[in-house]
Amino acid sequence: MTSGSRHYGARTGMENTMKTVLLISALASVLIVLLIFVFTMKEAMPAFREIGIREMLSGRVWRPGNDQFGILAMIAGSGLVTLGAVALGVPLALGTAIFLSEIAPRWISGIVRPSLELLAGIPSVVYGLFGMVVLVPLVRAIPAPGNVGFGLLSASIVLAVMVLPTIANVSEFAIRSVPKGFREGSMALGATKWETIARVIVPAARPGIISAVVLGLGRALGETIAMIMVIGNSVVIPAALNGNPLTIFLSRARTLTGNIAVEISYATGVHESALFATGVVLFILIMLVNTSARYLLQSSISRGGK
Amino acid sequence: MTTGNKTAAIFGLALMAGFSACGEGQGNGNQQVSGPVEISVVGSTTVQPLAELLSEAYEAVDPNVMITVSGGGSSVGVKSASDRSADIGMASREIKDSETADCPQIVVHTIAYDGIAIVAGHDVDVNNITMEQAGDIFSGAITDWSELGGASGVITVVSREEGSGTRAAFEELVLGEEALITENAILQPSNGAVRTTVSGAPGAIAYISFGYLDDSTKPMMINGVLPSAETVSTGEYPVFRPLNMVTYGEPVGAAAQWLDFIKGEDGQAIVAAEGYLPVN
Amino acid sequence: MAFSLLWLTGALSVLIMLFVVGYIMIQGLPGINVEFFTTSPRGGLSGDGGIFSTIVTTFYMVVVTLAVATPLGVGAAIYLTEYSENAESIIVRKLVSAARFGVETLAGVPSIIFGLFGYALFVSALNLGFSIASASLAGACLIIPVIIRTTEEALKSVPVSYREGSLSLGATRWETVWKVVLPSAFPGISTGILLSAGRIVSETAIFFVTLGGSYRVPHSLLSGGRTMALHVYYLAMETRAFDKAMSTAAVLVALIVLMNLSINIITSRISARSR
């Protein structure tokens with residue numbers, strides 16, 4: 001201990017300093033979460049106080065000019081468009097995930113996987129632009145009274161494409177995590193490849209797949225810009241346009257995220273506070289969704305480890 | 001070159017170097033004042049395009065000035081002027097009493113009058129409606145074009161979002177005290193988006209600021225009067241509102257000069273060219 | 001039969017990508033020329049002009065946001081990976097689990113909430129106004145979780161033997177981190193930085209409420225502006241210049257492709273090295 005001992009004091013000092021500095025950095029993320037929570041709640045409090053949480057959550061009418069701040073229509077809008085996105089996107093994502101992990105030869109995966117990555121990287125405003133220019137006129141062609149193309153269907157399609165990479169990615173991970181023994185055991189018992197996939201692997205990967213879907217759900221709930229460009233932003237609880245109940249998807253709607261983005265520019269006073277309150281509702285909703293996704297993923301990993 | 005921290009430090013240095021280089025490039029070499037004079041303008045997205053054109057025109061005359069125009073909405077505009085975070089605020093409506101009460105030093109400069117036109121898509125065969133019918137259409141009382149004498153088809157109302165100065169003015173002037181814009185209306189966050197929606201959607205009708213009139217949509221006559229600068233100035237066309245710029249106290253320096261420019265001949269010529277009404 | 005269905009889904013994913021990207025490129029590429037990159041957008045409603053100022057704003061946004069977020073994120077990850085196992089006091093342990101909880105939560109918050117928060121805190125309360133400063137502070141909050149996560153992954157993949165060897169030679173923990181672990185983890189860390197840069201380039205909602213939307217070239221941290229993504233939004237919503245919107249979108253997509261490629265190259269180098 002010759003050359004080091006001369007600087008030992010300085011080096012220890014450096015060590016301790018850096019330890020503290022790094023600890024502070026680690027706390028930065030906690031600080032940010034706290035700040036976000038505190039500030040958003042602070043701005044939202046006037047609305048909660050003056051309007052009341054129950055009024056907001058159950059009110060069907062949103063007319064700030066009339067002091068009416070019900071966000072039920074937005075909750076319905078967010079819920080329905082996410083449902084549509086999941087209905088369209090999950091079969092495709094799951095199929096692609098199974099395809100990539102079980103069936104595709106390597107050179108094909110080399111094409112499909114980068115395609116998914118590319119889809120994941122496209123900015124949401126570009127998806128919105130694409131939706132406005134291509135999808136809305138296409139949906140407009142469906143004959144139904146009052147259908148102008150803007151609405152849940154266009155938005156669901158856009159959203160489905162946006163969450164497709166996330167769901168496919170995590171599902172593939174879950175499927176790959178299924179131990180080799182399952183596959184080999186099943187084949188040894190005489191099952192065909194398809195039977196193995198359908199009856200053994202997918203059920204084994206189910207918690208992971210569910211967590212993938214829930215993760216995609218979380219992403220879908222948080223999407224803003226693409227939604228306000230194609231969904232119509234009408235403050236109505238979506239309803240079927242004619243006798244056919246499926247036409248509910250041709251109805252216009254407004255999402256919780258869209259509520260904030262569209263009106264934040266011009267809001268003052270209680271109106272502005274109500275928008276922050278919408279943010280709080282959204283935040284809680286997504287936290288619930290993400291926590292359950294994480295929980296499901298943990299249980300799938302621990303199961304797969306056996 | 002070992003760690004992310006070093007990279008960050010290099011980023012920071014490059015940034016500072018970049019910014020200082022930019023700053024020097026802006027001002028003229030032989031200026032006594034270091035760098036250009038800046039005016040920050042914040043507020044209504046309706047006034048924003050007009051303000052941008054006026055700023056370009058003024059900067060051509062006085063290259064020493066740099067005017068930055070941002071959006072944010074009429075309310076943000078008034079608030080920014082009140083708390084002096086911006087030099088000038090833009091509002092596409094009258095200043096509210098509550099806003100004057102909050103900040104009595106606010107000075108309002110009306111730079112133009114903007115008519116609000118009712119437009120429809122080219123597929124609509126109705127050309128003329130009464131003021132009362134207009135109110136009924138937008139409040140949802142009339143839902144089909146056949147009720148107005150046109151071919152049968154659902155009327156799709158397109159509107160601005162709540163809180164928009166354009167919408168507030170329209171509601172007050174056309175719908176009156178009682179009626180409200182129907183909840184089935186497609187809401188878009190800007191005049192431009194409203195216009196684009198109307199031009200594409202079948203059976204659509206909307207209201208937009210005069211500055212956005214073009215041949216992608218068809219202007220509706222109200223009681224036989226076509227919306228235009230002339231008919232507003234003669235009083236025949238009743239739907240219009242002031243476009244305001246707001247300052248904290250009387251404006252000074254470059255801001256005052258720009259406002260004089262806007263209210264003067266050159267500025268008002270631009271106002272008229274864009275389809276708005278000059279202040280006189 | 002079922003197999004052909006699965007092949008179909010794989011093909012469908014690729015087809016969708018080709019359709020979306022192809023449409024944007026076909027519509028957008030004709031409008032792109034040198035002038036498009038060197039002129040700024042004009043004021044008013046015409047949508048004339050190019051995207052020069054938006055490129056500059058995007059660049060500044062990436063640099064400033066990363067400058068703020070990277071030290072914090074990398075530092076946090078280093079602490080969580082290298083220092084927290086042998087934490088002495090209960091307080092520190094609690095703080096560490098709070099930190100992890102913070103990262104997980106932040107990762108799920110939608111960007112519009114970051115925008116709202118940025119507007120309330122940086123634009124209004126701290127009076128920074130619509131500016132690069134406000135926007136990049138809000139953006140930093142958005143990407144710190146990404147940097148923490150990827151840096152932690154990178155640090156964890158450094159073999160324990162590296163650390164043990166260094167420590168047994170008498171180095172302090174910090175010296176080990178600075179001179180041994182970090183250089184080895186550098187490719188992984190730069191992947192995280194590139195990912196975050198891509199995120200900043202693509203984001204719209206969060207900058208919509210914090211940047212202000214001026215079409216000028218920003219000249220200081222307190223200037224507002226618009227990024228390329230914001231420009232696409234303004235073009236689509238305010239003007240009728242959908243061709244310019246498509247061209248800007250095409251440039252954006254090309255930029256993202258380049259970033260993805262770089263990430264892939266770095267990742268394959270990492271895995272090549274570990275073999």
# chains A, B, ... in the order shown; residues from 1 in each chain; ligands from 1

call {"tool": "residues_around", "arguments": {"residues": "segment 248-265 of chain B", "least_positions_apart": "5", "cutoff": "6 Å", "atoms": "only C-alpha atoms", "output": "ChimeraX atom specification"}}
result
/B:81-82,105-107

call {"tool": "residues_around", "arguments": {"residues": "Val146 of chain C", "least_positions_apart": "2", "cutoff": "9 Å", "atoms": "only C-alpha atoms", "output": "list in words"}}
result
Gly73, Val103, Ala107, Leu142, Ile143, Ile144, Ile148, Arg149, Thr150, Thr151, Gly192, Ile193, Leu195 and Ser196 of chain C

call {"tool": "write_last_selection", "arguments": {"atoms": "C-alpha atoms", "output": "JSON list (two decimals), in the first residue's frame"}}
result
[["chain", "number", "residue", "atom", "x", "y", "z"],
["C", 73, "GLY", "CA", -30.61, 9.33, -14.97],
["C", 103, "VAL", "CA", -39.12, 5.12, -11.78],
["C", 107, "ALA", "CA", -42.62, 5.19, -16.88],
["C", 142, "LEU", "CA", -40.38, 12.12, -19.36],
["C", 143, "ILE", "CA", -37.13, 10.43, -20.35],
["C", 144, "ILE", "CA", -35.35, 10.03, -17.01],
["C", 148, "ILE", "CA", -32.47, 4.86, -15.66],
["C", 149, "ARG", "CA", -33.86, 1.60, -16.99],
["C", 150, "THR", "CA", -31.48, 1.19, -19.90],
["C", 151, "THR", "CA", -28.47, 2.27, -17.86],
["C", 192, "GLY", "CA", -30.65, 4.48, -23.80],
["C", 193, "ILE", "CA", -29.58, 7.97, -24.76],
["C", 195, "LEU", "CA", -33.79, 5.89, -27.45],
["C", 196, "SER", "CA", -34.53, 8.99, -25.40]]

call {"tool": "residues_around", "arguments": {"residues": "Asn244 of chain A", "least_positions_apart": "4", "cutoff": "10 Å", "atoms": "only C-alpha atoms", "output": "list of chain:residue names"}}
result
A:Ala144, A:Ala240, A:Ile248

call {"tool": "write_last_selection", "arguments": {"atoms": "N, CA and C atoms", "output": "PDB file, in the first residue's frame"}}
result
ATOM      1  N   ALA A 144     -73.946   5.247 -43.127  1.00  0.00           N
ATOM      2  CA  ALA A 144     -74.708   5.315 -41.878  1.00  0.00           C
ATOM      3  C   ALA A 144     -75.022   6.780 -41.670  1.00  0.00           C
ATOM      4  N   ALA A 240     -75.103   4.145 -30.904  1.00  0.00           N
ATOM      5  CA  ALA A 240     -75.236   3.612 -32.254  1.00  0.00           C
ATOM      6  C   ALA A 240     -75.943   4.627 -33.139  1.00  0.00           C
ATOM      7  N   ILE A 248     -72.037   1.902 -33.163  1.00  0.00           N
ATOM      8  CA  ILE A 248     -71.553   2.748 -32.076  1.00  0.00           C
ATOM      9  C   ILE A 248     -70.115   3.162 -32.350  1.00  0.00           C
TER      10      ILE A 248
END

call {"tool": "interface_residues", "arguments": {"of": "chain C", "to": "chain B", "cutoff": "8 Å", "atoms": "only C-alpha atoms", "output": "mmCIF file with N, CA and C atoms, in the first residue's frame"}}
result
data_model
loop_
_atom_site.group_PDB
_atom_site.id
_atom_site.type_symbol
_atom_site.label_atom_id
_atom_site.label_comp_id
_atom_site.auth_asym_id
_atom_site.auth_seq_id
_atom_site.Cartn_x
_atom_site.Cartn_y
_atom_site.Cartn_z
ATOM 1 N N GLY C 43 -44.943 32.814 -41.786
ATOM 2 C CA GLY C 43 -46.071 33.043 -40.902
ATOM 3 C C GLY C 43 -47.372 32.966 -41.665
ATOM 4 N N GLY C 44 -48.464 33.208 -40.996
ATOM 5 C CA GLY C 44 -49.739 33.188 -41.677
ATOM 6 C C GLY C 44 -50.248 31.776 -41.881
ATOM 7 N N LEU C 45 -51.200 31.649 -42.796
ATOM 8 C CA LEU C 45 -51.873 30.378 -42.959
ATOM 9 C C LEU C 45 -51.440 29.609 -44.193
ATOM 10 N N TYR C 60 -31.980 21.631 -30.605
ATOM 11 C CA TYR C 60 -31.789 22.225 -29.287
ATOM 12 C C TYR C 60 -32.538 21.454 -28.223
ATOM 13 N N VAL C 63 -30.686 18.239 -27.374
ATOM 14 C CA VAL C 63 -29.443 18.468 -26.645
ATOM 15 C C VAL C 63 -29.709 18.923 -25.212
ATOM 16 N N VAL C 64 -30.586 19.921 -25.057
ATOM 17 C CA VAL C 64 -30.811 20.456 -23.714
ATOM 18 C C VAL C 64 -31.483 19.424 -22.817
ATOM 19 N N LEU C 66 -31.417 16.163 -23.037
ATOM 20 C CA LEU C 66 -30.464 15.116 -22.667
ATOM 21 C C LEU C 66 -29.440 15.643 -21.674
ATOM 22 N N ALA C 67 -29.019 16.902 -21.847
ATOM 23 C CA ALA C 67 -28.051 17.474 -20.906
ATOM 24 C C ALA C 67 -28.599 17.488 -19.497
ATOM 25 N N VAL C 68 -29.888 17.708 -19.363
ATOM 26 C CA VAL C 68 -30.491 17.714 -18.032
ATOM 27 C C VAL C 68 -30.719 16.296 -17.536
ATOM 28 N N THR C 70 -29.560 13.184 -18.650
ATOM 29 C CA THR C 70 -28.549 12.133 -18.624
ATOM 30 C C THR C 70 -27.775 12.070 -17.306
ATOM 31 N N PRO C 71 -27.239 13.178 -16.814
ATOM 32 C CA PRO C 71 -26.522 13.061 -15.534
ATOM 33 C C PRO C 71 -27.420 12.504 -14.435
ATOM 34 N N VAL C 74 -28.317 8.660 -15.353
ATOM 35 C CA VAL C 74 -27.175 7.746 -15.215
ATOM 36 C C VAL C 74 -26.745 7.668 -13.756
ATOM 37 N N ASN C 127 -42.389 30.940 -14.110
ATOM 38 C CA ASN C 127 -42.374 32.064 -15.045
ATOM 39 C C ASN C 127 -41.356 31.934 -16.160
ATOM 40 N N GLY C 129 -42.158 30.798 -18.989
ATOM 41 C CA GLY C 129 -42.881 31.051 -20.219
ATOM 42 C C GLY C 129 -42.747 29.918 -21.212
ATOM 43 N N PHE C 130 -43.309 30.138 -22.401
ATOM 44 C CA PHE C 130 -43.174 29.144 -23.460
ATOM 45 C C PHE C 130 -41.730 29.198 -23.936
ATOM 46 N N TRP C 178 -16.271 4.492 -12.204
ATOM 47 C CA TRP C 178 -15.888 5.489 -13.198
ATOM 48 C C TRP C 178 -14.940 4.905 -14.233
ATOM 49 N N LYS C 179 -13.976 4.078 -13.775
ATOM 50 C CA LYS C 179 -12.940 3.669 -14.705
ATOM 51 C C LYS C 179 -13.133 2.274 -15.285
ATOM 52 N N LEU C 182 -18.372 1.809 -15.996
ATOM 53 C CA LEU C 182 -19.018 2.698 -16.953
ATOM 54 C C LEU C 182 -18.473 2.550 -18.373
ATOM 55 N N PRO C 183 -17.143 2.531 -18.536
ATOM 56 C CA PRO C 183 -16.663 2.366 -19.914
ATOM 57 C C PRO C 183 -17.172 1.082 -20.541
ATOM 58 N N PHE C 186 -20.760 1.458 -21.544
ATOM 59 C CA PHE C 186 -21.050 2.624 -22.367
ATOM 60 C C PHE C 186 -21.957 2.336 -23.563
ATOM 61 N N ILE C 189 -25.456 2.230 -22.401
ATOM 62 C CA ILE C 189 -25.933 3.546 -21.961
ATOM 63 C C ILE C 189 -26.254 4.418 -23.167
ATOM 64 N N SER C 190 -25.395 4.340 -24.182
ATOM 65 C CA SER C 190 -25.685 5.185 -25.344
ATOM 66 C C SER C 190 -26.922 4.723 -26.073
ATOM 67 N N VAL C 209 -47.872 22.180 -25.137
ATOM 68 C CA VAL C 209 -48.272 23.121 -24.091
ATOM 69 C C VAL C 209 -47.091 23.836 -23.455
ATOM 70 N N GLY C 212 -44.879 26.719 -27.200
ATOM 71 C CA GLY C 212 -45.482 27.943 -27.715
ATOM 72 C C GLY C 212 -45.746 27.995 -29.199
ATOM 73 N N GLY C 213 -45.011 27.288 -30.013
ATOM 74 C CA GLY C 213 -45.371 27.197 -31.417
ATOM 75 C C GLY C 213 -44.918 28.320 -32.329
ATOM 76 N N SER C 214 -43.979 29.132 -31.902
ATOM 77 C CA SER C 214 -43.484 30.155 -32.809
ATOM 78 C C SER C 214 -42.677 29.518 -33.927
ATOM 79 N N TYR C 215 -42.746 30.107 -35.134
ATOM 80 C CA TYR C 215 -42.059 29.458 -36.250
ATOM 81 C C TYR C 215 -40.636 29.939 -36.414
ATOM 82 N N ARG C 216 -40.166 30.763 -35.469
ATOM 83 C CA ARG C 216 -38.827 31.320 -35.589
ATOM 84 C C ARG C 216 -37.746 30.374 -35.126
ATOM 85 N N HIS C 219 -33.318 31.562 -30.232
ATOM 86 C CA HIS C 219 -31.965 32.090 -30.061
ATOM 87 C C HIS C 219 -31.479 32.079 -28.630
ATOM 88 N N SER C 220 -32.302 31.587 -27.718
ATOM 89 C CA SER C 220 -31.815 31.436 -26.354
ATOM 90 C C SER C 220 -32.662 30.380 -25.688
ATOM 91 N N GLY C 224 -39.215 30.431 -27.439
ATOM 92 C CA GLY C 224 -40.107 29.336 -27.783
ATOM 93 C C GLY C 224 -39.783 28.846 -29.172
ATOM 94 N N GLY C 225 -40.598 27.974 -29.691
ATOM 95 C CA GLY C 225 -40.368 27.475 -31.039
ATOM 96 C C GLY C 225 -41.282 26.315 -31.316
ATOM 97 N N ALA C 236 -51.068 20.424 -40.203
ATOM 98 C CA ALA C 236 -52.281 19.645 -40.444
ATOM 99 C C ALA C 236 -53.516 20.348 -39.909
ATOM 100 N N MET C 237 -53.384 21.057 -38.805
ATOM 101 C CA MET C 237 -54.561 21.635 -38.162
ATOM 102 C C MET C 237 -54.841 23.069 -38.573
ATOM 103 N N GLU C 238 -53.815 23.846 -38.858
ATOM 104 C CA GLU C 238 -54.054 25.261 -39.145
ATOM 105 C C GLU C 238 -54.120 25.549 -40.633
ATOM 106 N N THR C 239 -53.236 24.930 -41.385
ATOM 107 C CA THR C 239 -53.158 25.258 -42.810
ATOM 108 C C THR C 239 -53.760 24.129 -43.629
ATOM 109 N N ARG C 240 -53.765 24.316 -44.937
ATOM 110 C CA ARG C 240 -54.217 23.216 -45.766
ATOM 111 C C ARG C 240 -53.042 22.594 -46.496
#

call {"tool": "residues_around", "arguments": {"residues": "Asn260 of chain C", "least_positions_apart": "5", "cutoff": "10 Å", "atoms": "only C-alpha atoms", "output": "compact mmCIF listing (two decimals) with C-alpha atoms, in the first residue's frame"}}
result
# COMPACT_ATOMS: atom_id res chain seq x y z
CA PRO A 114 -37.72 -4.53 -37.71
CA GLU A 117 -39.81 -1.70 -34.42
CA LEU A 118 -40.41 0.82 -37.16
CA GLY A 121 -41.01 4.42 -33.67
CA THR C 191 -28.53 2.97 -26.54
CA LEU C 194 -30.42 7.34 -28.40
CA LEU C 195 -33.79 5.89 -27.45
CA GLY C 198 -35.88 9.39 -30.47
CA ALA C 254 -36.41 8.88 -41.87
CA LEU C 255 -34.75 10.34 -38.77
CA ILE C 265 -25.82 -1.58 -34.65
CA ILE C 266 -24.75 -0.77 -31.12

call {"tool": "closest_residue", "arguments": {"among": "A:Met229, A:Ala253, A:Ile142, A:Val236", "to": "chain C", "atoms": "only C-alpha atoms"}}
result
A:Met229

call {"tool": "interface_residues", "arguments": {"of": "chain A", "to": "chain B", "cutoff": "8 Å", "atoms": "only C-alpha atoms", "output": "PyMOL selection string"}}
result
chain A and resi 63-65+137+140+145-146+148-149+232-236+252+262-263+265-268

call {"tool": "write_last_selection", "arguments": {"atoms": "N, CA and C atoms", "output": "PDB file, in the first residue's frame"}}
result
ATOM      1  N   ARG A  63     -69.979  21.307 -20.198  1.00  0.00           N
ATOM      2  CA  ARG A  63     -70.115  22.635 -20.786  1.00  0.00           C
ATOM      3  C   ARG A  63     -69.548  23.646 -19.807  1.00  0.00           C
ATOM      4  N   PRO A  64     -68.262  23.887 -19.892  1.00  0.00           N
ATOM      5  CA  PRO A  64     -67.640  24.804 -18.935  1.00  0.00           C
ATOM      6  C   PRO A  64     -68.308  26.172 -18.902  1.00  0.00           C
ATOM      7  N   GLY A  65     -68.835  26.603 -20.053  1.00  0.00           N
ATOM      8  CA  GLY A  65     -69.495  27.899 -20.079  1.00  0.00           C
ATOM      9  C   GLY A  65     -70.695  27.935 -19.148  1.00  0.00           C
ATOM     10  N   PRO A 137     -61.368   9.437 -44.574  1.00  0.00           N
ATOM     11  CA  PRO A 137     -62.157   9.311 -45.798  1.00  0.00           C
ATOM     12  C   PRO A 137     -62.631   7.886 -46.069  1.00  0.00           C
ATOM     13  N   ARG A 140     -65.491   7.123 -43.819  1.00  0.00           N
ATOM     14  CA  ARG A 140     -66.617   7.936 -44.252  1.00  0.00           C
ATOM     15  C   ARG A 140     -67.477   7.203 -45.263  1.00  0.00           C
ATOM     16  N   PRO A 145     -76.202   7.082 -41.166  1.00  0.00           N
ATOM     17  CA  PRO A 145     -76.576   8.493 -41.050  1.00  0.00           C
ATOM     18  C   PRO A 145     -75.682   9.196 -40.041  1.00  0.00           C
ATOM     19  N   GLY A 146     -75.099  10.288 -40.461  1.00  0.00           N
ATOM     20  CA  GLY A 146     -74.274  11.055 -39.545  1.00  0.00           C
ATOM     21  C   GLY A 146     -72.844  10.586 -39.446  1.00  0.00           C
ATOM     22  N   VAL A 148     -69.248  10.754 -40.535  1.00  0.00           N
ATOM     23  CA  VAL A 148     -68.386  11.605 -41.336  1.00  0.00           C
ATOM     24  C   VAL A 148     -66.941  11.104 -41.317  1.00  0.00           C
ATOM     25  N   GLY A 149     -66.737   9.907 -40.827  1.00  0.00           N
ATOM     26  CA  GLY A 149     -65.380   9.388 -40.850  1.00  0.00           C
ATOM     27  C   GLY A 149     -64.653   9.600 -39.549  1.00  0.00           C
ATOM     28  N   GLY A 232     -62.896  13.222 -33.468  1.00  0.00           N
ATOM     29  CA  GLY A 232     -64.057  14.092 -33.548  1.00  0.00           C
ATOM     30  C   GLY A 232     -64.272  14.965 -32.324  1.00  0.00           C
ATOM     31  N   ASN A 233     -63.810  14.500 -31.175  1.00  0.00           N
ATOM     32  CA  ASN A 233     -63.842  15.345 -29.971  1.00  0.00           C
ATOM     33  C   ASN A 233     -65.212  15.823 -29.548  1.00  0.00           C
ATOM     34  N   SER A 234     -66.260  15.187 -30.016  1.00  0.00           N
ATOM     35  CA  SER A 234     -67.598  15.605 -29.579  1.00  0.00           C
ATOM     36  C   SER A 234     -67.825  15.110 -28.157  1.00  0.00           C
ATOM     37  N   VAL A 235     -68.478  15.946 -27.344  1.00  0.00           N
ATOM     38  CA  VAL A 235     -68.683  15.536 -25.963  1.00  0.00           C
ATOM     39  C   VAL A 235     -70.000  14.789 -25.849  1.00  0.00           C
ATOM     40  N   VAL A 236     -70.024  13.595 -26.416  1.00  0.00           N
ATOM     41  CA  VAL A 236     -71.222  12.756 -26.332  1.00  0.00           C
ATOM     42  C   VAL A 236     -70.810  11.389 -25.860  1.00  0.00           C
ATOM     43  N   ARG A 252     -68.866   9.659 -32.961  1.00  0.00           N
ATOM     44  CA  ARG A 252     -67.732  10.449 -32.541  1.00  0.00           C
ATOM     45  C   ARG A 252     -67.613  10.343 -31.024  1.00  0.00           C
ATOM     46  N   VAL A 262     -57.345  19.528 -26.039  1.00  0.00           N
ATOM     47  CA  VAL A 262     -58.124  20.414 -26.887  1.00  0.00           C
ATOM     48  C   VAL A 262     -58.451  21.718 -26.172  1.00  0.00           C
ATOM     49  N   GLU A 263     -58.697  21.651 -24.883  1.00  0.00           N
ATOM     50  CA  GLU A 263     -59.215  22.837 -24.216  1.00  0.00           C
ATOM     51  C   GLU A 263     -58.198  23.591 -23.388  1.00  0.00           C
ATOM     52  N   SER A 265     -55.744  25.312 -24.104  1.00  0.00           N
ATOM     53  CA  SER A 265     -55.297  26.598 -24.617  1.00  0.00           C
ATOM     54  C   SER A 265     -56.156  27.751 -24.135  1.00  0.00           C
ATOM     55  N   TYR A 266     -57.421  27.519 -23.984  1.00  0.00           N
ATOM     56  CA  TYR A 266     -58.314  28.648 -23.728  1.00  0.00           C
ATOM     57  C   TYR A 266     -58.936  28.632 -22.350  1.00  0.00           C
ATOM     58  N   ALA A 267     -58.546  27.689 -21.494  1.00  0.00           N
ATOM     59  CA  ALA A 267     -59.255  27.545 -20.224  1.00  0.00           C
ATOM     60  C   ALA A 267     -58.694  28.470 -19.166  1.00  0.00           C
ATOM     61  N   THR A 268     -59.588  28.968 -18.334  1.00  0.00           N
ATOM     62  CA  THR A 268     -59.152  29.749 -17.177  1.00  0.00           C
ATOM     63  C   THR A 268     -59.948  29.293 -15.971  1.00  0.00           C
TER      64      THR A 268
END

call {"tool": "select_by_dssp", "arguments": {"residues": "segment 89-194 of chain B", "states": "strand (DSSP E or B)", "output": "count of residues only"}}
result
30

call {"tool": "select_by_dssp", "arguments": {"residues": "segment 66-298 of chain A", "states": "helix (DSSP H, G or I)", "output": "MDAnalysis selection string"}}
result
chainID A and resid 66 72:103 106:121 124:140 152:176 180:188 193:204 206:222 225:230 245:250 256:263 269:298

call {"tool": "atom_distance", "arguments": {"atom1": "atom CA of Ser251 of chain A", "atom2": "atom CA of Val158 of chain A"}}
result
15.6 Å

call {"tool": "atom_distance", "arguments": {"atom1": "atom CA of Ala26 of chain A", "atom2": "atom CA of Tyr162 of chain C"}}
result
23.5 Å

call {"tool": "residues_around", "arguments": {"residues": "Ile237 of chain A", "least_positions_apart": "2", "cutoff": "8 Å", "atoms": "only C-alpha atoms", "output": "tab-separated table (two decimals) with C-alpha atoms, in the first residue's frame"}}
result
chain	number	residue	atom	x	y	z
A	60	ARG	CA	-72.82	13.47	-18.73
A	72	LEU	CA	-68.48	10.59	-18.02
A	73	ALA	CA	-68.57	11.00	-21.80
A	74	MET	CA	-64.79	11.18	-21.90
A	76	ALA	CA	-66.77	6.31	-22.12
A	77	GLY	CA	-64.81	7.61	-25.09
A	235	VAL	CA	-68.68	15.54	-25.96
A	239	ALA	CA	-74.25	5.66	-29.24
A	253	ALA	CA	-66.25	10.63	-29.07

call {"tool": "residues_around", "arguments": {"residues": "segment 228-234 of chain C", "least_positions_apart": "3", "cutoff": "10 Å", "atoms": "only C-alpha atoms", "output": "number ranges by chain"}}
result
A: 123-126, 128-129, 225-226, 229; B: 190, 192-193; C: 41, 45, 47, 51-59, 200-208, 211-215, 225, 237-242, 244-249, 251-252

call {"tool": "write_last_selection", "arguments": {"atoms": "C-alpha atoms", "output": "CSV table (one decimal), in the first residue's frame"}}
result
chain,number,residue,atom,x,y,z
A,123,PRO,CA,-44.4,9.6,-34.0
A,124,SER,CA,-48.0,9.8,-32.9
A,125,VAL,CA,-48.6,13.0,-34.8
A,126,VAL,CA,-47.6,11.2,-38.0
A,128,GLY,CA,-52.7,11.2,-36.6
A,129,LEU,CA,-51.9,12.8,-40.0
A,225,ILE,CA,-52.3,13.7,-30.3
A,226,ALA,CA,-53.3,11.0,-32.7
A,229,MET,CA,-56.9,14.4,-34.9
B,190,SER,CA,-58.4,25.5,-34.4
B,192,GLY,CA,-57.9,25.6,-39.7
B,193,ALA,CA,-59.0,22.2,-38.5
C,41,PRO,CA,-41.8,28.3,-42.4
C,45,LEU,CA,-51.9,30.4,-43.0
C,47,GLY,CA,-47.9,26.8,-44.9
C,51,ILE,CA,-38.6,23.4,-41.9
C,52,PHE,CA,-35.3,25.0,-41.1
C,53,SER,CA,-36.3,26.6,-37.8
C,54,THR,CA,-38.0,23.4,-36.7
C,55,ILE,CA,-34.9,21.4,-37.3
C,56,VAL,CA,-32.9,23.8,-35.2
C,57,THR,CA,-35.5,23.7,-32.4
C,58,THR,CA,-35.7,19.9,-32.5
C,59,PHE,CA,-31.9,19.8,-32.2
C,200,ILE,CA,-37.9,13.7,-27.8
C,201,VAL,CA,-38.0,13.9,-31.5
C,202,SER,CA,-41.3,12.1,-31.7
C,203,GLU,CA,-43.1,13.8,-28.9
C,204,THR,CA,-45.9,16.3,-29.6
C,205,ALA,CA,-48.3,16.6,-26.7
C,206,ILE,CA,-45.8,17.5,-24.1
C,207,PHE,CA,-44.2,20.3,-26.2
C,208,PHE,CA,-47.5,21.5,-27.4
C,211,LEU,CA,-43.0,25.4,-26.4
C,212,GLY,CA,-45.5,27.9,-27.7
C,213,GLY,CA,-45.4,27.2,-31.4
C,214,SER,CA,-43.5,30.2,-32.8
C,215,TYR,CA,-42.1,29.5,-36.3
C,225,GLY,CA,-40.4,27.5,-31.0
C,237,MET,CA,-54.6,21.6,-38.2
C,238,GLU,CA,-54.1,25.3,-39.1
C,239,THR,CA,-53.2,25.3,-42.8
C,240,ARG,CA,-54.2,23.2,-45.8
C,241,ALA,CA,-50.6,22.4,-46.7
C,242,PHE,CA,-51.0,18.7,-46.2
C,244,LYS,CA,-45.8,20.0,-46.5
C,245,ALA,CA,-47.1,18.1,-43.5
C,246,MET,CA,-46.4,14.8,-45.3
C,247,SER,CA,-42.9,16.0,-46.3
C,248,THR,CA,-42.1,16.9,-42.7
C,249,ALA,CA,-43.5,13.6,-41.5
C,251,VAL,CA,-38.2,13.6,-42.7
C,252,LEU,CA,-39.3,12.6,-39.2
